[in-house]
>>> print(open('model-v5.txt').read())   # compact mmCIF, C-alpha atoms and all ligand atoms
# COMPACT_ATOMS: atom_id res chain seq x y z
CA MET A 259 -66.98 -105.18 54.72
CA LYS A 260 -69.94 -103.49 53.02
CA VAL A 261 -70.88 -99.90 53.86
CA LEU A 262 -74.00 -97.89 53.03
CA VAL A 263 -73.79 -94.08 53.05
CA VAL A 264 -77.15 -92.31 53.44
CA GLY A 265 -77.46 -88.99 51.57
CA GLY A 266 -76.79 -87.53 48.15
CA GLY A 267 -74.74 -84.34 48.46
CA GLY A 268 -71.11 -83.28 48.23
CA ARG A 269 -70.47 -84.44 51.80
CA GLU A 270 -71.76 -87.93 50.99
CA HIS A 271 -69.67 -88.02 47.81
CA ALA A 272 -66.57 -87.25 49.87
CA LEU A 273 -67.58 -89.92 52.43
CA CYS A 274 -68.06 -92.56 49.71
CA TRP A 275 -64.74 -91.57 48.10
CA LYS A 276 -62.89 -91.86 51.42
CA ILE A 277 -64.64 -95.00 52.69
CA GLY A 278 -64.02 -96.74 49.34
CA GLN A 279 -60.26 -96.32 49.81
CA SER A 280 -60.22 -98.39 52.99
CA PRO A 281 -58.61 -101.80 52.57
CA LEU A 282 -61.34 -103.07 54.92
CA VAL A 283 -64.11 -102.21 52.48
CA LYS A 284 -65.32 -104.42 49.63
CA SER A 285 -68.43 -102.49 48.54
CA VAL A 286 -69.83 -99.00 49.07
CA TYR A 287 -73.51 -98.24 48.48
CA CYS A 288 -75.13 -94.81 48.61
CA ALA A 289 -78.83 -93.98 49.04
CA PRO A 290 -79.89 -92.08 47.04
CA GLY A 291 -76.46 -90.78 45.88
CA ASN A 292 -76.01 -88.63 42.77
CA ALA A 293 -74.38 -88.83 39.34
CA GLY A 294 -70.84 -88.23 40.65
CA ILE A 295 -71.24 -90.62 43.56
CA SER A 296 -72.03 -93.41 41.09
CA ARG A 297 -68.30 -93.34 40.19
CA HIS A 298 -67.39 -94.33 43.75
CA ALA A 299 -70.40 -96.27 45.03
CA GLU A 300 -73.40 -98.22 43.83
CA CYS A 301 -76.31 -95.79 44.11
CA VAL A 302 -79.68 -97.11 45.27
CA ASP A 303 -82.84 -95.11 44.79
CA ILE A 304 -84.09 -94.92 48.40
CA GLY A 305 -84.87 -91.64 50.16
CA VAL A 306 -82.97 -90.64 53.29
CA THR A 307 -86.03 -90.84 55.57
CA ASP A 308 -87.44 -94.10 54.19
CA PHE A 309 -86.07 -96.09 57.15
CA ASP A 310 -88.00 -99.28 56.34
CA SER A 311 -86.59 -99.52 52.81
CA LEU A 312 -83.09 -98.58 53.95
CA ALA A 313 -83.09 -101.27 56.65
CA ARG A 314 -84.51 -103.83 54.22
CA PHE A 315 -81.73 -103.01 51.73
CA VAL A 316 -79.08 -103.32 54.46
CA LYS A 317 -80.39 -106.77 55.42
CA GLU A 318 -80.71 -107.97 51.81
CA LYS A 319 -77.14 -106.97 50.94
CA SER A 320 -75.67 -107.89 54.34
CA VAL A 321 -74.31 -104.37 54.76
CA ASP A 322 -72.07 -104.20 57.85
CA LEU A 323 -72.26 -100.49 58.60
CA THR A 324 -74.55 -97.59 57.65
CA VAL A 325 -73.10 -94.06 57.77
CA VAL A 326 -75.66 -91.25 57.87
CA GLY A 327 -74.71 -87.94 56.18
CA PRO A 328 -77.56 -85.42 56.62
CA GLU A 329 -79.32 -84.16 59.75
CA GLN A 330 -82.89 -84.90 58.75
CA PRO A 331 -82.81 -88.70 59.09
CA LEU A 332 -80.76 -88.38 62.31
CA CYS A 333 -83.26 -85.95 63.85
CA GLU A 334 -86.08 -88.26 62.77
CA GLY A 335 -84.47 -91.23 64.54
CA ILE A 336 -82.76 -93.38 61.87
CA THR A 337 -80.19 -94.52 64.43
CA ASP A 338 -82.81 -95.66 66.94
CA PHE A 339 -84.68 -97.45 64.12
CA PHE A 340 -81.58 -99.27 62.86
CA GLU A 341 -80.39 -100.21 66.34
CA LYS A 342 -83.79 -101.70 67.14
CA GLU A 343 -83.36 -103.83 64.02
CA GLY A 344 -79.93 -104.92 65.26
CA LEU A 345 -78.07 -102.98 62.52
CA LEU A 346 -74.84 -101.03 63.05
CA VAL A 347 -75.11 -97.34 62.26
CA PHE A 348 -72.84 -94.30 62.56
CA GLY A 349 -74.69 -91.19 63.79
CA PRO A 350 -76.34 -89.95 67.00
CA SER A 351 -79.71 -91.14 68.32
CA LYS A 352 -82.79 -88.95 67.92
CA ALA A 353 -82.46 -87.72 71.53
CA ALA A 354 -78.80 -86.78 70.95
CA ALA A 355 -79.47 -85.20 67.53
CA GLU A 356 -81.73 -82.66 69.32
CA LEU A 357 -78.48 -80.75 69.70
CA GLU A 358 -79.06 -79.71 66.08
CA GLY A 359 -82.79 -80.40 65.85
CA SER A 360 -83.76 -77.88 68.54
CA LYS A 361 -81.91 -74.60 68.97
CA ILE A 362 -83.71 -74.13 72.30
CA PHE A 363 -82.44 -77.47 73.60
CA SER A 364 -78.93 -76.67 72.45
CA LYS A 365 -78.86 -73.11 73.90
CA ASN A 366 -80.32 -74.30 77.23
CA LEU A 367 -77.75 -77.10 77.41
CA MET A 368 -74.90 -74.65 76.81
CA LYS A 369 -76.24 -72.30 79.46
CA LYS A 370 -76.72 -75.09 82.01
CA TYR A 371 -73.21 -76.47 81.53
CA GLY A 372 -71.32 -73.17 81.08
CA ILE A 373 -70.41 -73.72 77.42
CA PRO A 374 -69.69 -70.29 75.88
CA THR A 375 -72.51 -68.99 73.66
CA GLY A 376 -74.36 -65.73 72.94
CA GLU A 377 -77.12 -64.27 75.16
CA TYR A 378 -80.56 -65.45 74.11
CA PHE A 379 -84.28 -65.47 74.86
CA VAL A 380 -86.77 -68.23 74.07
CA PHE A 381 -90.40 -67.66 72.98
CA SER A 382 -93.40 -69.82 72.21
CA ASP A 383 -95.79 -66.86 72.33
CA MET A 384 -95.66 -64.48 69.37
CA GLY A 385 -96.78 -61.42 71.35
CA GLN A 386 -93.90 -61.84 73.78
CA ALA A 387 -91.42 -62.43 70.95
CA LEU A 388 -92.61 -59.24 69.20
CA ALA A 389 -92.29 -57.29 72.46
CA LYS A 390 -88.68 -58.52 72.72
CA THR A 391 -87.84 -57.35 69.18
CA ALA A 392 -89.07 -53.89 70.18
CA GLU A 393 -86.58 -53.87 73.06
CA MET A 394 -83.54 -55.38 71.33
CA GLU A 395 -80.75 -53.15 70.07
CA PRO A 396 -80.18 -54.09 66.35
CA PRO A 397 -78.53 -56.01 64.91
CA PHE A 398 -79.88 -59.15 66.55
CA VAL A 399 -80.72 -62.65 65.36
CA VAL A 400 -84.06 -64.50 65.16
CA LYS A 401 -83.85 -68.30 64.86
CA ALA A 402 -86.53 -70.90 64.27
CA ASP A 403 -86.22 -73.59 66.94
CA GLY A 404 -86.38 -76.59 64.59
CA LEU A 405 -84.73 -77.75 61.37
CA ALA A 406 -85.28 -75.33 58.51
CA ALA A 407 -82.88 -76.57 55.81
CA GLY A 408 -80.29 -73.96 56.80
CA LYS A 409 -82.73 -71.06 56.28
CA GLY A 410 -84.11 -70.62 59.79
CA VAL A 411 -81.60 -67.99 60.97
CA ILE A 412 -82.43 -64.34 60.19
CA ILE A 413 -79.98 -61.55 60.99
CA CYS A 414 -82.10 -58.49 61.74
CA ARG A 415 -80.57 -55.06 61.04
CA SER A 416 -83.58 -53.17 62.38
CA ARG A 417 -86.47 -53.76 64.80
CA GLU A 418 -88.85 -53.90 61.78
CA GLU A 419 -86.80 -56.73 60.28
CA GLY A 420 -86.95 -58.46 63.65
CA GLU A 421 -90.73 -58.12 63.75
CA ASP A 422 -91.01 -59.45 60.17
CA ALA A 423 -88.75 -62.40 61.04
CA VAL A 424 -90.85 -63.32 64.09
CA ARG A 425 -94.11 -62.97 62.13
CA SER A 426 -92.80 -65.02 59.19
CA MET A 427 -91.88 -67.85 61.55
CA MET A 428 -94.69 -67.74 64.11
CA GLU A 429 -97.65 -66.36 62.12
CA GLN A 430 -96.98 -67.29 58.49
CA ALA A 431 -95.24 -70.56 59.45
CA ALA A 432 -92.50 -70.02 56.84
CA PHE A 433 -90.68 -73.04 58.29
CA GLY A 434 -93.74 -75.02 59.37
CA GLN A 435 -93.56 -76.60 62.81
CA ALA A 436 -89.87 -75.60 63.11
CA GLY A 437 -90.87 -71.99 63.69
CA THR A 438 -93.60 -72.37 66.31
CA LYS A 439 -90.95 -71.50 68.88
CA VAL A 440 -88.12 -69.02 68.29
CA VAL A 441 -84.86 -67.94 69.84
CA ILE A 442 -83.89 -64.27 69.80
CA GLU A 443 -80.16 -63.97 70.18
CA GLU A 444 -77.49 -61.30 70.50
CA PHE A 445 -75.54 -60.67 67.29
CA LEU A 446 -71.97 -61.89 67.54
CA THR A 447 -69.10 -60.48 65.48
CA GLY A 448 -65.78 -62.06 64.54
CA GLU A 449 -64.63 -64.84 62.23
CA GLU A 450 -66.46 -68.15 61.95
CA ALA A 451 -64.76 -71.53 62.16
CA SER A 452 -66.07 -75.10 62.07
CA PHE A 453 -64.75 -77.61 64.57
CA PHE A 454 -65.52 -81.33 64.41
CA ALA A 455 -64.82 -84.23 66.73
CA PHE A 456 -65.68 -87.90 66.52
CA THR A 457 -67.05 -89.20 69.79
CA ASP A 458 -68.29 -92.49 71.23
CA GLY A 459 -70.13 -90.62 73.98
CA LYS A 460 -67.20 -90.70 76.40
CA ASN A 461 -64.02 -89.76 74.54
CA ILE A 462 -63.43 -87.41 71.65
CA LEU A 463 -61.19 -87.58 68.61
CA PRO A 464 -60.85 -84.06 67.19
CA LEU A 465 -60.48 -83.29 63.48
CA GLU A 466 -58.61 -80.31 62.12
CA PRO A 467 -60.26 -76.91 62.32
CA SER A 468 -61.84 -75.75 59.05
CA GLN A 469 -63.66 -72.76 57.68
CA ASP A 470 -66.81 -72.51 55.58
CA HIS A 471 -67.89 -69.54 53.39
CA LYS A 472 -71.64 -69.10 53.98
CA PRO A 473 -72.67 -65.99 51.99
CA ILE A 474 -73.24 -66.35 48.25
CA PHE A 475 -70.97 -63.50 47.04
CA ASP A 476 -67.28 -62.64 47.34
CA GLY A 477 -66.31 -60.69 50.44
CA ASP A 478 -69.03 -62.48 52.44
CA ARG A 479 -71.78 -60.40 50.87
CA GLY A 480 -75.34 -61.43 50.03
CA PRO A 481 -77.63 -64.02 51.57
CA ASN A 482 -76.38 -67.09 53.42
CA THR A 483 -76.21 -70.43 51.60
CA GLY A 484 -75.46 -73.98 52.70
CA GLY A 485 -71.78 -73.10 52.13
CA MET A 486 -69.97 -71.87 48.99
CA GLY A 487 -66.54 -73.25 49.80
CA ALA A 488 -64.30 -74.42 52.61
CA TYR A 489 -60.71 -75.08 53.49
CA ALA A 490 -58.70 -76.93 56.09
CA PRO A 491 -56.74 -76.54 58.25
CA ALA A 492 -57.91 -73.05 59.28
CA PRO A 493 -54.99 -70.97 60.61
CA LEU A 494 -57.49 -68.74 62.44
CA VAL A 495 -57.72 -71.56 64.98
CA THR A 496 -54.25 -71.51 66.46
CA ASP A 497 -52.95 -74.49 68.45
CA GLU A 498 -53.76 -72.67 71.67
CA LEU A 499 -57.33 -71.95 70.58
CA ARG A 500 -57.73 -75.51 69.34
CA LEU A 501 -56.87 -76.92 72.76
CA ARG A 502 -59.23 -74.48 74.46
CA ILE A 503 -62.07 -75.36 72.09
CA ILE A 504 -61.53 -79.02 72.93
CA ASP A 505 -61.48 -78.32 76.69
CA GLU A 506 -64.17 -75.67 76.87
CA VAL A 507 -66.61 -76.81 74.17
CA MET A 508 -66.17 -80.32 72.79
CA ILE A 509 -65.45 -82.33 75.95
CA PRO A 510 -67.96 -80.46 78.15
CA THR A 511 -70.69 -80.93 75.50
CA VAL A 512 -70.11 -84.68 75.22
CA ARG A 513 -70.13 -84.95 79.05
CA ALA A 514 -73.23 -82.77 79.29
CA MET A 515 -75.11 -84.94 76.80
CA LYS A 516 -74.20 -88.04 78.78
CA SER A 517 -75.38 -86.42 82.04
CA GLU A 518 -78.65 -85.55 80.35
CA GLY A 519 -79.17 -89.21 79.45
CA ARG A 520 -78.67 -88.44 75.74
CA THR A 521 -75.26 -90.03 75.11
CA TYR A 522 -73.92 -88.55 71.86
CA ARG A 523 -72.20 -90.93 69.44
CA GLY A 524 -71.12 -89.80 66.00
CA ILE A 525 -69.47 -86.64 64.80
CA LEU A 526 -70.10 -83.45 66.73
CA TYR A 527 -69.92 -80.19 64.76
CA ALA A 528 -69.47 -76.89 66.60
CA GLY A 529 -69.98 -73.71 64.56
CA LEU A 530 -67.91 -71.09 66.37
CA MET A 531 -67.55 -67.32 66.30
CA ILE A 532 -63.97 -66.34 67.14
CA LYS A 533 -62.87 -62.89 68.19
CA ASP A 534 -59.77 -61.64 69.98
CA LYS A 535 -58.75 -65.15 71.08
CA SER A 536 -62.14 -65.87 72.61
CA PHE A 537 -64.96 -67.90 71.09
CA LYS A 538 -68.64 -68.60 71.40
CA VAL A 539 -70.70 -71.44 69.97
CA LEU A 540 -73.14 -70.28 67.26
CA GLU A 541 -74.68 -73.70 66.84
CA PHE A 542 -74.11 -77.42 67.11
CA ASN A 543 -74.79 -79.82 64.26
CA CYS A 544 -75.08 -83.57 64.56
CA ARG A 545 -73.20 -84.48 61.36
CA PHE A 546 -70.28 -83.61 59.10
CA GLY A 547 -70.35 -80.11 57.55
CA ASP A 548 -70.97 -79.70 53.86
CA PRO A 549 -68.67 -78.47 52.26
CA GLU A 550 -66.19 -78.76 55.17
CA ALA A 551 -66.19 -82.58 54.84
CA GLN A 552 -64.74 -82.36 51.34
CA PRO A 553 -61.37 -80.75 52.28
CA LEU A 554 -61.22 -82.55 55.64
CA LEU A 555 -61.69 -85.99 54.13
CA MET A 556 -59.25 -85.29 51.30
CA ARG A 557 -56.62 -84.33 53.84
CA MET A 558 -57.30 -87.22 56.21
CA GLU A 559 -54.48 -89.77 56.00
CA SER A 560 -55.97 -92.21 58.52
CA ASP A 561 -58.43 -94.85 57.42
CA ILE A 562 -61.84 -93.47 58.44
CA VAL A 563 -63.61 -96.84 58.46
CA PRO A 564 -62.22 -98.18 61.77
CA VAL A 565 -63.24 -94.87 63.39
CA LEU A 566 -66.82 -95.00 62.08
CA TYR A 567 -67.16 -98.71 62.81
CA SER A 568 -65.78 -98.52 66.34
CA ILE A 569 -68.06 -95.59 67.26
CA SER A 570 -71.08 -97.52 66.03
CA ARG A 571 -69.95 -100.31 68.41
CA GLU A 572 -69.35 -97.84 71.27
CA GLU A 573 -65.63 -98.58 71.54
CA MET A 574 -63.71 -95.78 69.83
CA ASN A 575 -59.94 -95.90 69.64
CA THR A 576 -58.53 -92.48 70.61
CA ASP A 577 -55.24 -92.67 68.67
CA PRO A 578 -54.97 -89.23 67.01
CA LEU A 579 -56.01 -89.00 63.37
CA GLN A 580 -53.20 -88.56 60.84
CA TRP A 581 -53.38 -85.79 58.25
CA LYS A 582 -51.63 -85.21 54.94
CA ASP A 583 -49.26 -82.24 54.83
CA GLY A 584 -50.39 -78.95 53.37
CA PHE A 585 -53.85 -77.51 52.77
CA CYS A 586 -57.02 -78.33 50.96
CA VAL A 587 -59.57 -75.97 49.42
CA CYS A 588 -63.05 -76.77 48.09
CA VAL A 589 -64.73 -74.29 45.71
CA VAL A 590 -68.47 -74.88 45.33
CA MET A 591 -70.07 -74.31 41.92
CA ALA A 592 -73.80 -73.65 42.29
CA SER A 593 -76.79 -73.18 40.00
CA ASP A 594 -77.18 -69.58 38.82
CA GLY A 595 -79.85 -68.04 41.08
CA TYR A 596 -79.01 -70.10 44.19
CA PRO A 597 -79.84 -69.62 47.11
CA GLY A 598 -83.00 -68.13 45.53
CA ASN A 599 -84.82 -69.68 42.57
CA TYR A 600 -82.77 -71.55 40.01
CA ASP A 601 -83.36 -73.95 37.13
CA LYS A 602 -82.83 -77.68 37.50
CA GLY A 603 -82.21 -80.17 34.71
CA VAL A 604 -79.67 -77.95 32.92
CA GLU A 605 -77.08 -79.96 30.99
CA LEU A 606 -73.50 -79.89 32.31
CA LYS A 607 -71.21 -80.07 29.30
CA LYS A 608 -67.79 -80.41 30.93
CA ALA A 609 -68.18 -81.80 34.45
CA GLY A 610 -68.66 -85.35 33.22
CA ASP A 611 -65.25 -85.35 31.51
CA PHE A 612 -63.27 -84.26 34.54
CA GLU A 613 -60.64 -86.84 35.49
CA ASP A 614 -59.81 -86.81 39.21
CA THR A 615 -56.11 -86.58 40.02
CA ALA A 616 -54.17 -87.24 43.22
CA GLU A 617 -54.50 -83.51 44.02
CA THR A 618 -57.93 -82.57 42.67
CA VAL A 619 -61.30 -84.29 43.02
CA VAL A 620 -64.60 -82.87 41.80
CA PHE A 621 -67.22 -83.94 44.32
CA HIS A 622 -70.80 -83.82 43.05
CA ALA A 623 -73.81 -82.48 44.96
CA GLY A 624 -76.87 -81.62 42.83
CA THR A 625 -76.18 -83.73 39.72
CA ALA A 626 -78.14 -86.49 38.03
CA PHE A 627 -78.13 -88.43 34.78
CA SER A 628 -80.95 -87.93 32.32
CA ARG A 629 -80.48 -90.74 29.86
CA ASP A 630 -76.77 -90.29 29.17
CA ARG A 631 -76.63 -86.57 29.86
CA LEU A 632 -75.25 -85.12 33.08
CA ILE A 633 -77.68 -82.50 34.40
CA THR A 634 -78.07 -80.25 37.43
CA SER A 635 -80.54 -81.33 40.11
CA GLY A 636 -79.96 -78.94 42.99
CA GLY A 637 -78.59 -75.62 44.27
CA ARG A 638 -75.05 -76.62 45.00
CA VAL A 639 -73.82 -78.70 42.06
CA LEU A 640 -70.06 -79.38 42.25
CA GLY A 641 -67.30 -79.02 44.87
CA VAL A 642 -63.92 -78.70 43.18
CA THR A 643 -61.46 -79.77 45.87
CA SER A 644 -57.67 -79.48 45.65
CA LEU A 645 -54.74 -80.33 47.86
CA GLY A 646 -51.61 -78.18 47.84
CA ALA A 647 -48.37 -77.86 49.76
CA THR A 648 -49.38 -74.31 50.66
CA ILE A 649 -52.71 -72.55 50.86
CA GLU A 650 -51.75 -70.55 47.73
CA GLU A 651 -51.05 -73.72 45.81
CA SER A 652 -54.32 -75.38 46.82
CA ILE A 653 -56.29 -72.23 45.91
CA SER A 654 -54.67 -71.84 42.49
CA ARG A 655 -55.01 -75.54 41.72
CA ALA A 656 -58.72 -75.54 42.65
CA TYR A 657 -59.43 -72.43 40.58
CA ARG A 658 -57.53 -73.82 37.56
CA ALA A 659 -59.86 -76.82 37.68
CA VAL A 660 -62.89 -74.53 38.19
CA ASP A 661 -61.88 -72.45 35.12
CA SER A 662 -61.33 -75.49 32.96
CA GLY A 663 -64.76 -76.86 33.92
CA SER A 664 -66.72 -73.61 34.00
CA GLU A 665 -70.28 -73.83 32.71
CA GLN A 666 -72.66 -70.99 31.83
CA CYS A 667 -75.26 -72.22 34.30
CA LEU A 668 -72.95 -72.32 37.33
CA ILE A 669 -71.76 -69.57 39.65
CA TYR A 670 -68.98 -69.63 42.24
CA ARG A 671 -67.09 -67.35 44.61
CA THR A 672 -63.62 -66.27 43.51
CA ASP A 673 -62.24 -65.67 47.03
CA ILE A 674 -62.42 -69.08 48.72
CA GLY A 675 -59.40 -69.52 51.00
CA LYS A 676 -58.41 -65.84 50.95
CA LYS A 677 -59.15 -65.49 54.65
CA ALA A 678 -56.52 -68.11 55.40
CA LEU A 679 -53.98 -66.10 53.37
CA GLN A 680 -54.86 -63.00 55.39
CA GLU A 681 -54.38 -64.91 58.67
CA PHE A 682 -50.84 -65.82 57.60
CA LYS A 683 -50.05 -62.18 56.89
CA LYS A 684 -51.04 -61.10 60.44
P1 LIG A 701 -76.62 -71.32 62.63
O1 LIG A 701 -77.48 -72.21 61.76
O2 LIG A 701 -77.18 -71.05 63.98
O3 LIG A 701 -75.15 -71.58 62.59
O4 LIG A 701 -76.64 -69.96 61.83
C1 LIG A 701 -76.24 -69.88 60.47
C2 LIG A 701 -75.34 -68.71 60.30
O5 LIG A 701 -75.98 -67.54 60.77
C3 LIG A 701 -74.05 -68.81 61.08
O6 LIG A 701 -73.07 -69.55 60.42
C4 LIG A 701 -73.68 -67.33 61.19
O7 LIG A 701 -73.12 -66.86 59.98
C5 LIG A 701 -75.03 -66.68 61.37
N1 LIG A 701 -75.36 -66.52 62.81
C6 LIG A 701 -76.03 -67.39 63.60
N2 LIG A 701 -76.14 -66.94 64.86
C7 LIG A 701 -75.50 -65.76 64.89
C8 LIG A 701 -75.24 -64.79 65.91
N3 LIG A 701 -75.70 -64.94 67.16
N4 LIG A 701 -74.53 -63.69 65.55
C9 LIG A 701 -74.08 -63.52 64.30
N5 LIG A 701 -74.30 -64.39 63.29
C10 LIG A 701 -75.00 -65.49 63.57
N1 LIG A 702 -71.33 -75.94 56.06
C1 LIG A 702 -72.42 -75.71 56.92
C2 LIG A 702 -73.17 -76.89 57.31
O1 LIG A 702 -72.85 -78.00 56.93
O2 LIG A 702 -74.14 -76.74 58.04
>>> encode(input="model-v5.txt", output="structure tokens")
Amino acid sequence: MKVLVVGGGGREHALCWKIGQSPLVKSVYCAPGNAGISRHAECVDIGVTDFDSLARFVKEKSVDLTVVGPEQPLCEGITDFFEKEGLLVFGPSKAAAELEGSKIFSKNLMKKYGIPTGEYFVFSDMGQALAKTAEMEPPFVVKADGLAAGKGVIICRSREEGEDAVRSMMEQAAFGQAGTKVVIEEFLTGEEASFFAFTDGKNILPLEPSQDHKPIFDGDRGPNTGGMGAYAPAPLVTDELRLRIIDEVMIPTVRAMKSEGRTYRGILYAGLMIKDKSFKVLEFNCRFGDPEAQPLLMRMESDIVPVLYSISREEMNTDPLQWKDGFCVCVVMASDGYPGNYDKGVELKKAGDFEDTAETVVFHAGTAFSRDRLITSGGRVLGVTSLGATIEESISRAYRAVDSGSEQCLIYRTDIGKKALQEFKK
């Protein structure tokens, strides 16, 4: 069969890499893709929200299945558009993707169906939101309701910061329409984990627990990013917790969405805060995590294509997924300056020469070709991803590859995976 992956980041590179290994697949296309993806798929220069051109391409090439990576096209209704055209697509409908597209929808759903989450208040009036910040005990969290490219969550350490956050969203429209309504939420402490499950709207097929590293600097310091590294499986999520997350979060959410008339088909991503064997949902996303997808897909033994295909046809097989032994760690190398301002178009001297091995794959995110030169084209640039029999082995293997490919223009954290080591010592 022929598969089109929509997107052009590290997550989509890992999806193309994994999908291309399926004996069922003859060709993989990626729109728009990136320089690294062109090693594993034929890249086509179509933007992720240009639904007309994407559907035309799918028809021209007789593509059998389209797999959507990022949230933006899902929240804008790519699935509804493709289904109307009679095309098979993996990813939730616009109404179901509201779970990520509106924090207010998602918090209200959790409250209505008793899914554990932090206390919160919803505002569409700035005066009332400001009055709330004056009452809240810091720290607390201000969130833009809509999609804000991962930047719409502000942790406020004082009431003044809370007021600034509300004004930036509701008065200065820092996130455009996304910030016309806000959620003010209690600050939760603990360790974060990412939990994913495939679902056809009725049943779920859980993946392994994983952990992202959001802040830019070692020791979880500095501003949040899209994710500076990830590993799987995450020992923080014990077998007992895993079963409870399935029973108390994943299954109830899929059922709740069905009851609301918004049947959710695709991959459901729960961002969790875990503390003292209890957990609360920080957010839901309607897609794979980036960079969590990189280690998860490298460790996945099962063929992913039958899972994606069957969900798009509403008939998922619930045989458990098979995983390789050991661990996998992904270290993200980002442009110097990210998540603030950074230069694009900087030449990468070594990344182009990296030869993937059975244990290490360098997934590309913000890379492009300029004539024959490999250059940076985004904040997160590479995701060096290594398997190992132990967490130590996967960490040292990934960092050996990072060191051998280090470039002046790229920065990275040196402590990815350390939290897993600490869990084992407990
Ligand atoms: P979200 O997009 O809602 O997951 O938020 C992005 C990040 O902000 C999360 O991964 C957490 O690190 C942090 N965050 C969000 N909500 C809270 C909260 N209620 N308490 C503490 N940290 C939070
Ligand atoms: N790794 C965080 C995200 O994909 O949203």
>>> closest_atom_pairs(input="model-v5.txt", of="chain A", to="ligand LIG 701 (chain A)", cutoff="7 Å", atoms="all atoms listed in the file", output="tab-separated table")
residue	atom	partner	partner_atom	distance
A:Gly376	CA	A:LIG701	N3	6.0
A:Val399	CA	A:LIG701	N3	5.8
A:Gly408	CA	A:LIG701	O1	6.0
A:Val411	CA	A:LIG701	O4	5.4
A:Ile413	CA	A:LIG701	N5	6.8
A:Glu443	CA	A:LIG701	N3	5.5
A:Glu444	CA	A:LIG701	N3	5.3
A:Phe445	CA	A:LIG701	N4	3.6
A:Leu446	CA	A:LIG701	N4	3.7
A:Thr447	CA	A:LIG701	C9	6.0
A:Glu450	CA	A:LIG701	O6	6.9
A:Lys472	CA	A:LIG701	O7	6.6
A:Gly529	CA	A:LIG701	O3	5.9
A:Leu540	CA	A:LIG701	N2	5.1
A:Glu541	CA	A:LIG701	O2	4.6
>>> write_last_selection(input="model-v5.txt", atoms="C-alpha atoms", output="short mmCIF file (atom, residue, chain, number, x, y, z; two decimals), in the coordinates of the input")
data_model
loop_
_atom_site.label_atom_id
_atom_site.label_comp_id
_atom_site.auth_asym_id
_atom_site.auth_seq_id
_atom_site.Cartn_x
_atom_site.Cartn_y
_atom_site.Cartn_z
CA GLY A 376 -74.36 -65.73 72.94
CA VAL A 399 -80.72 -62.65 65.36
CA GLY A 408 -80.29 -73.96 56.80
CA VAL A 411 -81.60 -67.99 60.97
CA ILE A 413 -79.98 -61.55 60.99
CA GLU A 443 -80.16 -63.97 70.18
CA GLU A 444 -77.49 -61.30 70.50
CA PHE A 445 -75.54 -60.67 67.29
CA LEU A 446 -71.97 -61.89 67.54
CA THR A 447 -69.10 -60.48 65.48
CA GLU A 450 -66.46 -68.15 61.95
CA LYS A 472 -71.64 -69.10 53.98
CA GLY A 529 -69.98 -73.71 64.56
CA LEU A 540 -73.14 -70.28 67.26
CA GLU A 541 -74.68 -73.70 66.84
#
>>> atom_distance(input="model-v5.txt", atom1="CA of Thr337 in chain A", atom2="CA of His622 in chain A")
25.7 Å
>>> residues_around(input="model-v5.txt", residues="Ala402 in chain A", least_positions_apart="6", cutoff="12 Å", atoms="only C-alpha atoms", output="compact mmCIF listing (two decimals) with C-alpha atoms, in the frame of the given file")
# COMPACT_ATOMS: atom_id res chain seq x y z
CA GLU A 358 -79.06 -79.71 66.08
CA GLY A 359 -82.79 -80.40 65.85
CA SER A 360 -83.76 -77.88 68.54
CA LYS A 361 -81.91 -74.60 68.97
CA ILE A 362 -83.71 -74.13 72.30
CA VAL A 380 -86.77 -68.23 74.07
CA PHE A 381 -90.40 -67.66 72.98
CA SER A 382 -93.40 -69.82 72.21
CA ALA A 387 -91.42 -62.43 70.95
CA GLY A 408 -80.29 -73.96 56.80
CA LYS A 409 -82.73 -71.06 56.28
CA GLY A 410 -84.11 -70.62 59.79
CA VAL A 411 -81.60 -67.99 60.97
CA ILE A 412 -82.43 -64.34 60.19
CA ILE A 413 -79.98 -61.55 60.99
CA ALA A 423 -88.75 -62.40 61.04
CA VAL A 424 -90.85 -63.32 64.09
CA ARG A 425 -94.11 -62.97 62.13
CA SER A 426 -92.80 -65.02 59.19
CA MET A 427 -91.88 -67.85 61.55
CA MET A 428 -94.69 -67.74 64.11
CA ALA A 431 -95.24 -70.56 59.45
CA ALA A 432 -92.50 -70.02 56.84
CA PHE A 433 -90.68 -73.04 58.29
CA GLY A 434 -93.74 -75.02 59.37
CA GLN A 435 -93.56 -76.60 62.81
CA ALA A 436 -89.87 -75.60 63.11
CA GLY A 437 -90.87 -71.99 63.69
CA THR A 438 -93.60 -72.37 66.31
CA LYS A 439 -90.95 -71.50 68.88
CA VAL A 440 -88.12 -69.02 68.29
CA VAL A 441 -84.86 -67.94 69.84
CA ILE A 442 -83.89 -64.27 69.80
CA GLU A 443 -80.16 -63.97 70.18
>>> residues_near_ligand(input="model-v5.txt", ligand="ligand LIG 702 (chain A)", cutoff="6 Å", atoms="only C-alpha atoms and all ligand atoms", output="list of chain:residue names")
A:Asp470, A:Gly484, A:Gly485, A:Gly547, A:Asp548, A:Pro549, A:Glu550
>>> closest_residue(input="model-v5.txt", among="A:Arg415, A:Arg571, A:Lys260, A:Arg269", to="Gly641 in chain A", atoms="all atoms listed in the file")
A:Arg269
>>> axis_aligned_box(input="model-v5.txt", around="range 543-548 of chain A", padding_each_side="6 Å", output="lines of an AutoDock Vina configuration file")
center_x = -72.7
center_y = -82.1
center_z = 59.2
size_x = 16.8
size_y = 16.8
size_z = 22.7
>>> closest_atom_pairs(input="model-v5.txt", of="range 485-587 of chain A", to="range 662-673 of chain A", cutoff="12 Å", atoms="all atoms listed in the file", output="Markdown table")
| residue | atom | partner | partner_atom | distance |
| --- | --- | --- | --- | --- |
| A:Gly485 | CA | A:Arg671 | CA | 10.6 |
| A:Met486 | CA | A:Arg671 | CA | 6.9 |
| A:Gly487 | CA | A:Arg671 | CA | 7.9 |
| A:Ala488 | CA | A:Asp673 | CA | 10.6 |
| A:Tyr489 | CA | A:Asp673 | CA | 11.5 |
| A:Val587 | CA | A:Asp673 | CA | 10.9 |
